Amino acid sequence: MSDNSLRLVWIYPDLLSTYGDQGNALVVERRARQRGLDVQRVDVRSDQQIPTSGDIYLIGGGEDRPQRLAAERLRRDGGLNRAVSNGAIVFSVCAGYQILGREFINDLGEREEGLGLLDVVSTRGEGGRCVGDVLGDIDPQLGLPPLTGFENHQGVTHLGQTARPFAKVRFGNGNGVGDGYEGAWNDTVFGTYMHGPVMARNPHIADLLIKLALDVNALPPADDRWYEALRQERIAAATQPA
Amino acid sequence: MAGNTEPLSPRAKLAVTAGKAAAAVSRAAGRGSGSVIGGRVALKLDPDLLARLARHLDVILVSATNGKTTTTRLIAEALRAAGPVVSNALGANMPAGITSALAGGSDARYGVIEVDEKYLAGVARDVTPKAIALLNLSRDQLDRAAETRMLAEHWREGLAGSKALIIANADDPLIVWAASSSANVVWVAAGQEWKDDAWSCPSCGGVMQRPGDDWFCGECGFRRPTPSWALSGDHVLDPHGSAWPIRLQLPGRANKANATTSAAVAAAFGVPPQVALERMYAVQAVAGRYDVVTFMERELRLLLAKNPAGWLETFSLIDPPPTPVILSVNARGADGTDTSWLWDVDYTRLAGHPIFVIGDRKLDLAVRLEVAGLDFHVCENVDEAVRMAPPGRIEVIANYTAFQDLRRRVGN
């Protein structure tokens, strides 16, 4: 954390902000402020340089061509990889998750190199598109309550040696390779297919990122009333057939 | 009657009759207007019926993400100055609904037809339209719709060979991309408040530059065409530079934009802007939208907003604080089942309004508003929200099926 304020970087809203994932930035910002932190939010457009001094970087989902363009520009920029080697926290969703991996299939049907920040490889799913409510259990090591989200993706993601599954699904598809896993993480980099946006449904993930960035074990309590009500409703919805 | 006066074949006549009968049965059963079921029955008996019905008309198609029902209504109203019009005025905008609407207007000269975005290219092939009005494209129902840019691409391919006159919004890069493959385009500067689906050049993927009202791609040179019609404040500027005052009962900037496009369409059929705009004044509410109703002794204005661009335009037309606002959101099939889009709407624009939240997905809205730092009340239904609302006319903003629920409850 620098200058006594939490620096929150929202990557490429011009390309990867199609499915409401901007909400993740809004929730992290809101929950940090409620704990009395100053938050400096920086939205970086794809023709701008990625700052390397951020504490938390967020990257969202987008359509297939913007995903390729974002990967090209992020590789050329190099800033996000530098930030991660400086210890920054990164949370990515859907198209952004695939970009952080080692490779994915782009809109031209070709293998596109990712940033290699997560040891995962994404391919195109053979079956139908995965669309709908998801319920899962987050890796117990992270100490978080169940994961609820909305998935909407064609890609499937295979985990390599050094990536841990972020969650195990009870309902829904997640990574879609058939092992029941959803998302991936290593110590500082996270990826998920969950929209919703995922932090609005799981504010504890926002808190986790803030704690990791501040290097603290606990945060003052926040008013979770509406989040909890929404969680209960969506968890119930995921367990019922559509 | 314009164009071909060849009468309908016996098969087509039978199909029209069967369709009307099915619609009547559906109406009698209390299942809405019956136009879709009627159209389905008719198309099954005669798959070419749509093309056959259209052959007798000068057809004008209208498509967009937002504003297509209203604009269809405004164009229909304007063209009635030149002759009888048949139109799918209630917004049944897929082939079955369109067929049903056209079957109801055997004496018409013009067919003014709203078309769902996904069906535009196909319907344009079937009905050989004289004109096509394209208003805007933005994210909508992403859990089931094609990607927004792909939709523009699909339009572009579908319209490339069309002989229709395209009347298109020069301020929406996706519309310009879709329309610019056509030989014959009239560009209208109709504005577009929502910009977040066009930061990436639809042609080459470069980053779009947007100084003021202009836009261009710094990489490939794709840029805003010079419009011949424009919305300027409360006036329509025509290609001769004359300014015509817009007087509408419908509120908001977006409807002024719809009126501008409609005036450009009307002019293409010989109706001068002054006449067209005067006729548009008669339009008061469109399929219940913008209607002011009395419910529980309170005045409610009913506003439909289905997606981020629609909500943005709606926020700009509501009465200022402390006017109470009721928000209702559902996520049923016709709405799109993902509510993530709520986070692309800037609800801080409602600061200062007493806010009441209803609908199937009121809890998603509650979290959204909490994170926006707004005060709000979550209510069980519209009755409770109206009871709690402080005095004054209430603005009610709802998405698609929530709007239908609302109309049923308030008796509009």
# chains A, B, ... in the order shown; residues from 1 in each chain; ligands from 1

call {"tool": "residues_around", "arguments": {"residues": "Arg368 (chain B)", "least_positions_apart": "4", "cutoff": "7 Å", "atoms": "only C-alpha atoms", "output": "PDB file with all heavy atoms, in the first residue's frame"}}
result
ATOM      1  N   TRP B 343     -24.883  -3.054 -12.932  1.00  0.00           N
ATOM      2  CA  TRP B 343     -23.651  -2.402 -12.482  1.00  0.00           C
ATOM      3  C   TRP B 343     -23.048  -1.512 -13.548  1.00  0.00           C
ATOM      4  O   TRP B 343     -22.088  -0.799 -13.288  1.00  0.00           O
ATOM      5  CB  TRP B 343     -22.678  -3.468 -11.959  1.00  0.00           C
ATOM      6  CG  TRP B 343     -23.269  -4.117 -10.749  1.00  0.00           C
ATOM      7  CD1 TRP B 343     -24.219  -5.089 -10.719  1.00  0.00           C
ATOM      8  CD2 TRP B 343     -23.017  -3.775  -9.382  1.00  0.00           C
ATOM      9  NE1 TRP B 343     -24.568  -5.378  -9.421  1.00  0.00           N
ATOM     10  CE2 TRP B 343     -23.840  -4.595  -8.590  1.00  0.00           C
ATOM     11  CE3 TRP B 343     -22.160  -2.856  -8.763  1.00  0.00           C
ATOM     12  CZ2 TRP B 343     -23.841  -4.518  -7.191  1.00  0.00           C
ATOM     13  CZ3 TRP B 343     -22.148  -2.789  -7.395  1.00  0.00           C
ATOM     14  CH2 TRP B 343     -22.984  -3.617  -6.624  1.00  0.00           C
ATOM     15  N   ASP B 364     -30.915  -7.638  -5.882  1.00  0.00           N
ATOM     16  CA  ASP B 364     -29.779  -7.209  -6.709  1.00  0.00           C
ATOM     17  C   ASP B 364     -29.724  -5.689  -6.763  1.00  0.00           C
ATOM     18  O   ASP B 364     -28.652  -5.084  -6.666  1.00  0.00           O
ATOM     19  CB  ASP B 364     -29.919  -7.748  -8.139  1.00  0.00           C
ATOM     20  CG  ASP B 364     -29.725  -9.260  -8.223  1.00  0.00           C
ATOM     21  OD1 ASP B 364     -30.684  -9.990  -7.898  1.00  0.00           O
ATOM     22  OD2 ASP B 364     -28.626  -9.692  -8.582  1.00  0.00           O
ATOM     23  N   ALA B 372     -23.726   2.154  -4.375  1.00  0.00           N
ATOM     24  CA  ALA B 372     -23.726   3.516  -4.927  1.00  0.00           C
ATOM     25  C   ALA B 372     -23.870   4.560  -3.819  1.00  0.00           C
ATOM     26  O   ALA B 372     -23.816   5.763  -4.080  1.00  0.00           O
ATOM     27  CB  ALA B 372     -24.852   3.669  -5.953  1.00  0.00           C
TER      28      ALA B 372
END

call {"tool": "interface_residues", "arguments": {"of": "chain B", "to": "chain A", "cutoff": "7 Å", "atoms": "only C-alpha atoms", "output": "PyMOL selection string"}}
result
chain B and resi 143+147+196+199-200+207+338-344+363-364+366-367+371

call {"tool": "write_last_selection", "arguments": {"atoms": "N, CA, C and O atoms", "output": "PDB file, in the first residue's frame"}}
result
ATOM      1  N   ASP B 143     -26.925 -12.634 -21.871  1.00  0.00           N
ATOM      2  CA  ASP B 143     -26.929 -14.077 -21.632  1.00  0.00           C
ATOM      3  C   ASP B 143     -27.488 -14.836 -22.820  1.00  0.00           C
ATOM      4  O   ASP B 143     -27.355 -16.040 -22.910  1.00  0.00           O
ATOM      5  N   GLU B 147     -23.103 -10.927 -29.479  1.00  0.00           N
ATOM      6  CA  GLU B 147     -22.310  -9.799 -29.040  1.00  0.00           C
ATOM      7  C   GLU B 147     -22.730  -8.567 -29.837  1.00  0.00           C
ATOM      8  O   GLU B 147     -23.112  -8.667 -30.998  1.00  0.00           O
ATOM      9  N   ASP B 196     -20.408   3.285 -24.021  1.00  0.00           N
ATOM     10  CA  ASP B 196     -19.501   2.235 -23.567  1.00  0.00           C
ATOM     11  C   ASP B 196     -19.497   0.960 -24.400  1.00  0.00           C
ATOM     12  O   ASP B 196     -18.833  -0.002 -24.031  1.00  0.00           O
ATOM     13  N   TRP B 199     -16.037   2.005 -27.706  1.00  0.00           N
ATOM     14  CA  TRP B 199     -14.696   2.576 -27.477  1.00  0.00           C
ATOM     15  C   TRP B 199     -13.664   1.888 -28.347  1.00  0.00           C
ATOM     16  O   TRP B 199     -12.533   2.316 -28.472  1.00  0.00           O
ATOM     17  N   SER B 200     -14.099   0.785 -28.940  1.00  0.00           N
ATOM     18  CA  SER B 200     -13.190  -0.008 -29.748  1.00  0.00           C
ATOM     19  C   SER B 200     -13.697   0.079 -31.183  1.00  0.00           C
ATOM     20  O   SER B 200     -14.874  -0.144 -31.437  1.00  0.00           O
ATOM     21  N   VAL B 207      -8.406   2.054 -30.722  1.00  0.00           N
ATOM     22  CA  VAL B 207      -9.097   2.798 -29.665  1.00  0.00           C
ATOM     23  C   VAL B 207      -9.760   4.019 -30.288  1.00  0.00           C
ATOM     24  O   VAL B 207      -9.136   4.797 -30.998  1.00  0.00           O
ATOM     25  N   ASP B 338     -29.447 -12.619 -16.532  1.00  0.00           N
ATOM     26  CA  ASP B 338     -28.286 -12.123 -15.798  1.00  0.00           C
ATOM     27  C   ASP B 338     -28.543 -10.664 -15.416  1.00  0.00           C
ATOM     28  O   ASP B 338     -28.900  -9.860 -16.274  1.00  0.00           O
ATOM     29  N   THR B 339     -28.385 -10.337 -14.151  1.00  0.00           N
ATOM     30  CA  THR B 339     -28.627  -8.958 -13.711  1.00  0.00           C
ATOM     31  C   THR B 339     -27.340  -8.137 -13.624  1.00  0.00           C
ATOM     32  O   THR B 339     -27.369  -7.005 -13.154  1.00  0.00           O
ATOM     33  N   SER B 340     -26.227  -8.686 -14.078  1.00  0.00           N
ATOM     34  CA  SER B 340     -24.948  -7.971 -13.956  1.00  0.00           C
ATOM     35  C   SER B 340     -24.995  -6.568 -14.564  1.00  0.00           C
ATOM     36  O   SER B 340     -24.295  -5.669 -14.108  1.00  0.00           O
ATOM     37  N   TRP B 341     -25.819  -6.396 -15.585  1.00  0.00           N
ATOM     38  CA  TRP B 341     -25.890  -5.111 -16.282  1.00  0.00           C
ATOM     39  C   TRP B 341     -26.268  -3.953 -15.349  1.00  0.00           C
ATOM     40  O   TRP B 341     -25.987  -2.794 -15.654  1.00  0.00           O
ATOM     41  N   LEU B 342     -26.913  -4.267 -14.227  1.00  0.00           N
ATOM     42  CA  LEU B 342     -27.284  -3.196 -13.286  1.00  0.00           C
ATOM     43  C   LEU B 342     -26.050  -2.397 -12.876  1.00  0.00           C
ATOM     44  O   LEU B 342     -26.147  -1.223 -12.511  1.00  0.00           O
ATOM     45  N   TRP B 343     -24.883  -3.054 -12.932  1.00  0.00           N
ATOM     46  CA  TRP B 343     -23.651  -2.402 -12.482  1.00  0.00           C
ATOM     47  C   TRP B 343     -23.048  -1.512 -13.548  1.00  0.00           C
ATOM     48  O   TRP B 343     -22.088  -0.799 -13.288  1.00  0.00           O
ATOM     49  N   ASP B 344     -23.601  -1.572 -14.756  1.00  0.00           N
ATOM     50  CA  ASP B 344     -23.185  -0.642 -15.808  1.00  0.00           C
ATOM     51  C   ASP B 344     -24.064   0.608 -15.824  1.00  0.00           C
ATOM     52  O   ASP B 344     -23.872   1.501 -16.639  1.00  0.00           O
ATOM     53  N   LEU B 363     -33.411  -7.495  -4.656  1.00  0.00           N
ATOM     54  CA  LEU B 363     -32.216  -7.594  -3.810  1.00  0.00           C
ATOM     55  C   LEU B 363     -30.938  -7.269  -4.594  1.00  0.00           C
ATOM     56  O   LEU B 363     -29.999  -6.689  -4.045  1.00  0.00           O
ATOM     57  N   ASP B 364     -30.915  -7.638  -5.882  1.00  0.00           N
ATOM     58  CA  ASP B 364     -29.779  -7.209  -6.709  1.00  0.00           C
ATOM     59  C   ASP B 364     -29.724  -5.689  -6.763  1.00  0.00           C
ATOM     60  O   ASP B 364     -28.652  -5.084  -6.666  1.00  0.00           O
ATOM     61  N   ALA B 366     -30.963  -3.671  -4.550  1.00  0.00           N
ATOM     62  CA  ALA B 366     -30.633  -3.149  -3.221  1.00  0.00           C
ATOM     63  C   ALA B 366     -29.118  -3.092  -3.023  1.00  0.00           C
ATOM     64  O   ALA B 366     -28.577  -2.074  -2.581  1.00  0.00           O
ATOM     65  N   VAL B 367     -28.419  -4.179  -3.387  1.00  0.00           N
ATOM     66  CA  VAL B 367     -26.956  -4.173  -3.248  1.00  0.00           C
ATOM     67  C   VAL B 367     -26.348  -3.113  -4.163  1.00  0.00           C
ATOM     68  O   VAL B 367     -25.445  -2.364  -3.769  1.00  0.00           O
ATOM     69  N   VAL B 371     -24.132   0.018  -2.720  1.00  0.00           N
ATOM     70  CA  VAL B 371     -22.749   0.292  -3.138  1.00  0.00           C
ATOM     71  C   VAL B 371     -22.636   1.681  -3.769  1.00  0.00           C
ATOM     72  O   VAL B 371     -21.600   2.330  -3.676  1.00  0.00           O
TER      73      VAL B 371
END

call {"tool": "closest_atom_pairs", "arguments": {"of": "region 87-127 of chain B", "to": "region 52-70 of chain B", "cutoff": "9 Å", "atoms": "only C-alpha atoms", "output": "tab-separated table"}}
result
residue	atom	partner	partner_atom	distance
B:Asn88	CA	B:Thr69	CA	8.6
B:Ala89	CA	B:Thr69	CA	6.9
B:Leu90	CA	B:Thr69	CA	7.4
B:Gly91	CA	B:Thr69	CA	5.7
B:Asn93	CA	B:Thr69	CA	8.8
B:Thr99	CA	B:Leu53	CA	7.7
B:Leu102	CA	B:Leu53	CA	6.4
B:Ala103	CA	B:Leu53	CA	6.7
B:Ser106	CA	B:Leu53	CA	8.3
B:Ala108	CA	B:Leu57	CA	7.0
B:Arg109	CA	B:Leu57	CA	5.2
B:Tyr110	CA	B:Asp58	CA	4.7
B:Gly111	CA	B:Val59	CA	4.6
B:Val112	CA	B:Ile60	CA	4.8
B:Ile113	CA	B:Leu61	CA	4.8
B:Glu114	CA	B:Val62	CA	4.7
B:Val115	CA	B:Ser63	CA	5.3
B:Asp116	CA	B:Ser63	CA	6.3
B:Glu117	CA	B:Ser63	CA	5.9
B:Leu120	CA	B:Ser63	CA	7.0
B:Val123	CA	B:Leu61	CA	8.7
B:Ala124	CA	B:Leu61	CA	7.6
B:Asp126	CA	B:Ala54	CA	8.4
B:Val127	CA	B:Ala54	CA	5.4

call {"tool": "write_last_selection", "arguments": {"atoms": "C-alpha atoms", "output": "PDB file, in the first residue's frame"}}
result
ATOM      1  CA  ASN B  88     -46.902  -3.405 -35.675  1.00  0.00           C
ATOM      2  CA  ALA B  89     -47.600  -0.629 -33.202  1.00  0.00           C
ATOM      3  CA  LEU B  90     -47.602  -2.889 -30.138  1.00  0.00           C
ATOM      4  CA  GLY B  91     -44.024  -3.969 -30.528  1.00  0.00           C
ATOM      5  CA  ASN B  93     -41.324  -7.323 -33.736  1.00  0.00           C
ATOM      6  CA  THR B  99     -46.837 -10.924 -40.527  1.00  0.00           C
ATOM      7  CA  LEU B 102     -49.311  -6.593 -42.145  1.00  0.00           C
ATOM      8  CA  ALA B 103     -52.221  -9.005 -42.605  1.00  0.00           C
ATOM      9  CA  SER B 106     -54.985  -4.641 -46.744  1.00  0.00           C
ATOM     10  CA  ALA B 108     -52.582   0.456 -46.524  1.00  0.00           C
ATOM     11  CA  ARG B 109     -50.041   2.198 -48.688  1.00  0.00           C
ATOM     12  CA  TYR B 110     -47.197   2.147 -46.174  1.00  0.00           C
ATOM     13  CA  GLY B 111     -46.012  -0.579 -43.835  1.00  0.00           C
ATOM     14  CA  VAL B 112     -44.027   0.848 -40.924  1.00  0.00           C
ATOM     15  CA  ILE B 113     -42.456  -2.124 -39.203  1.00  0.00           C
ATOM     16  CA  GLU B 114     -40.427  -2.443 -36.048  1.00  0.00           C
ATOM     17  CA  VAL B 115     -37.964  -5.335 -36.311  1.00  0.00           C
ATOM     18  CA  ASP B 116     -36.096  -7.112 -33.534  1.00  0.00           C
ATOM     19  CA  GLU B 117     -32.339  -6.553 -33.989  1.00  0.00           C
ATOM     20  CA  LEU B 120     -33.417  -7.332 -39.253  1.00  0.00           C
ATOM     21  CA  VAL B 123     -36.841  -9.459 -42.656  1.00  0.00           C
ATOM     22  CA  ALA B 124     -35.069  -6.928 -44.901  1.00  0.00           C
ATOM     23  CA  ASP B 126     -38.083 -10.910 -47.246  1.00  0.00           C
ATOM     24  CA  VAL B 127     -39.953  -7.637 -47.545  1.00  0.00           C
TER      25      VAL B 127
END

call {"tool": "select_by_dssp", "arguments": {"residues": "region 15-166 of chain A", "states": "helix (DSSP H, G or I)", "output": "PyMOL selection string"}}
result
chain A and resi 22-34+64-77+79-85+95-100+140-142

call {"tool": "select_by_dssp", "arguments": {"residues": "region 286-407 of chain B", "states": "strand (DSSP E)", "output": "list in words"}}
result
Val292, Val293, Thr294, Phe295, Arg298, Glu299, Leu300, Arg301, Leu302, Leu303, Leu304, Val325, Ile326, Leu327, Ser328, Ile355, Phe356, Val357, Ile358, His377, Val378, Ile394, Glu395, Val396, Ile397 and Ala398 of chain B

call {"tool": "write_last_selection", "arguments": {"atoms": "N, CA, C and O atoms", "output": "compact mmCIF listing (two decimals), in the first residue's frame"}}
result
# COMPACT_ATOMS: atom_id res chain seq x y z
N VAL B 292 -49.08 8.43 -18.04
CA VAL B 292 -49.29 8.85 -16.66
C VAL B 292 -50.63 8.26 -16.21
O VAL B 292 -51.65 8.49 -16.85
N VAL B 293 -50.60 7.45 -15.15
CA VAL B 293 -51.82 6.80 -14.68
C VAL B 293 -52.09 7.20 -13.24
O VAL B 293 -51.19 7.65 -12.52
N THR B 294 -53.35 7.07 -12.84
CA THR B 294 -53.70 7.30 -11.45
C THR B 294 -53.88 5.94 -10.78
O THR B 294 -54.62 5.09 -11.27
N PHE B 295 -53.18 5.75 -9.67
CA PHE B 295 -53.22 4.47 -8.97
C PHE B 295 -53.16 4.77 -7.48
O PHE B 295 -52.29 5.50 -7.02
N ARG B 298 -52.76 8.30 -6.55
CA ARG B 298 -51.49 8.97 -6.84
C ARG B 298 -51.24 8.93 -8.34
O ARG B 298 -51.69 8.02 -9.03
N GLU B 299 -50.49 9.94 -8.83
CA GLU B 299 -50.10 9.93 -10.24
C GLU B 299 -48.78 9.20 -10.40
O GLU B 299 -47.81 9.49 -9.70
N LEU B 300 -48.76 8.25 -11.33
CA LEU B 300 -47.55 7.50 -11.63
C LEU B 300 -47.21 7.69 -13.11
O LEU B 300 -48.10 7.55 -13.96
N ARG B 301 -45.95 7.99 -13.40
CA ARG B 301 -45.54 7.97 -14.81
C ARG B 301 -44.74 6.69 -15.06
O ARG B 301 -43.78 6.42 -14.36
N LEU B 302 -45.16 5.93 -16.07
CA LEU B 302 -44.58 4.61 -16.33
C LEU B 302 -43.49 4.70 -17.39
O LEU B 302 -43.74 5.09 -18.53
N LEU B 303 -42.27 4.34 -17.01
CA LEU B 303 -41.12 4.45 -17.91
C LEU B 303 -40.46 3.09 -18.06
O LEU B 303 -40.21 2.39 -17.08
N LEU B 304 -40.19 2.73 -19.30
CA LEU B 304 -39.55 1.44 -19.59
C LEU B 304 -38.06 1.66 -19.84
O LEU B 304 -37.69 2.54 -20.62
N VAL B 325 -39.10 8.01 -6.78
CA VAL B 325 -38.83 7.10 -7.89
C VAL B 325 -39.01 5.66 -7.41
O VAL B 325 -38.49 5.28 -6.37
N ILE B 326 -39.77 4.89 -8.19
CA ILE B 326 -39.89 3.45 -7.93
C ILE B 326 -39.12 2.72 -9.03
O ILE B 326 -39.30 3.01 -10.21
N LEU B 327 -38.24 1.80 -8.63
CA LEU B 327 -37.46 1.02 -9.60
C LEU B 327 -37.91 -0.43 -9.51
O LEU B 327 -38.04 -0.98 -8.42
N SER B 328 -38.13 -1.06 -10.67
CA SER B 328 -38.54 -2.46 -10.67
C SER B 328 -37.74 -3.24 -11.70
O SER B 328 -37.71 -2.86 -12.87
N ILE B 355 -36.13 6.72 -3.06
CA ILE B 355 -36.09 5.58 -3.97
C ILE B 355 -36.76 4.36 -3.34
O ILE B 355 -36.48 4.02 -2.20
N PHE B 356 -37.64 3.71 -4.11
CA PHE B 356 -38.35 2.51 -3.66
C PHE B 356 -38.09 1.40 -4.66
O PHE B 356 -38.17 1.63 -5.87
N VAL B 357 -37.73 0.22 -4.15
CA VAL B 357 -37.25 -0.86 -5.00
C VAL B 357 -38.21 -2.04 -4.93
O VAL B 357 -38.54 -2.51 -3.84
N ILE B 358 -38.65 -2.51 -6.12
CA ILE B 358 -39.54 -3.67 -6.19
C ILE B 358 -39.07 -4.59 -7.32
O ILE B 358 -38.05 -4.34 -7.94
N HIS B 377 -35.61 2.16 -0.10
CA HIS B 377 -36.50 1.26 0.63
C HIS B 377 -36.84 0.09 -0.26
O HIS B 377 -37.21 0.29 -1.41
N VAL B 378 -36.71 -1.10 0.26
CA VAL B 378 -37.11 -2.28 -0.49
C VAL B 378 -38.55 -2.61 -0.11
O VAL B 378 -38.88 -2.71 1.07
N ILE B 394 -45.10 10.24 -9.07
CA ILE B 394 -44.07 9.22 -8.89
C ILE B 394 -43.57 8.75 -10.26
O ILE B 394 -44.36 8.43 -11.14
N GLU B 395 -42.25 8.73 -10.42
CA GLU B 395 -41.66 8.17 -11.63
C GLU B 395 -41.41 6.69 -11.39
O GLU B 395 -40.74 6.32 -10.42
N VAL B 396 -41.95 5.83 -12.24
CA VAL B 396 -41.74 4.40 -12.08
C VAL B 396 -40.91 3.90 -13.27
O VAL B 396 -41.34 4.04 -14.42
N ILE B 397 -39.74 3.37 -12.98
CA ILE B 397 -38.85 2.89 -14.05
C ILE B 397 -38.73 1.37 -13.91
O ILE B 397 -38.37 0.87 -12.86
N ALA B 398 -39.06 0.65 -14.99
CA ALA B 398 -39.07 -0.81 -14.91
C ALA B 398 -38.48 -1.41 -16.17
O ALA B 398 -38.56 -0.82 -17.25
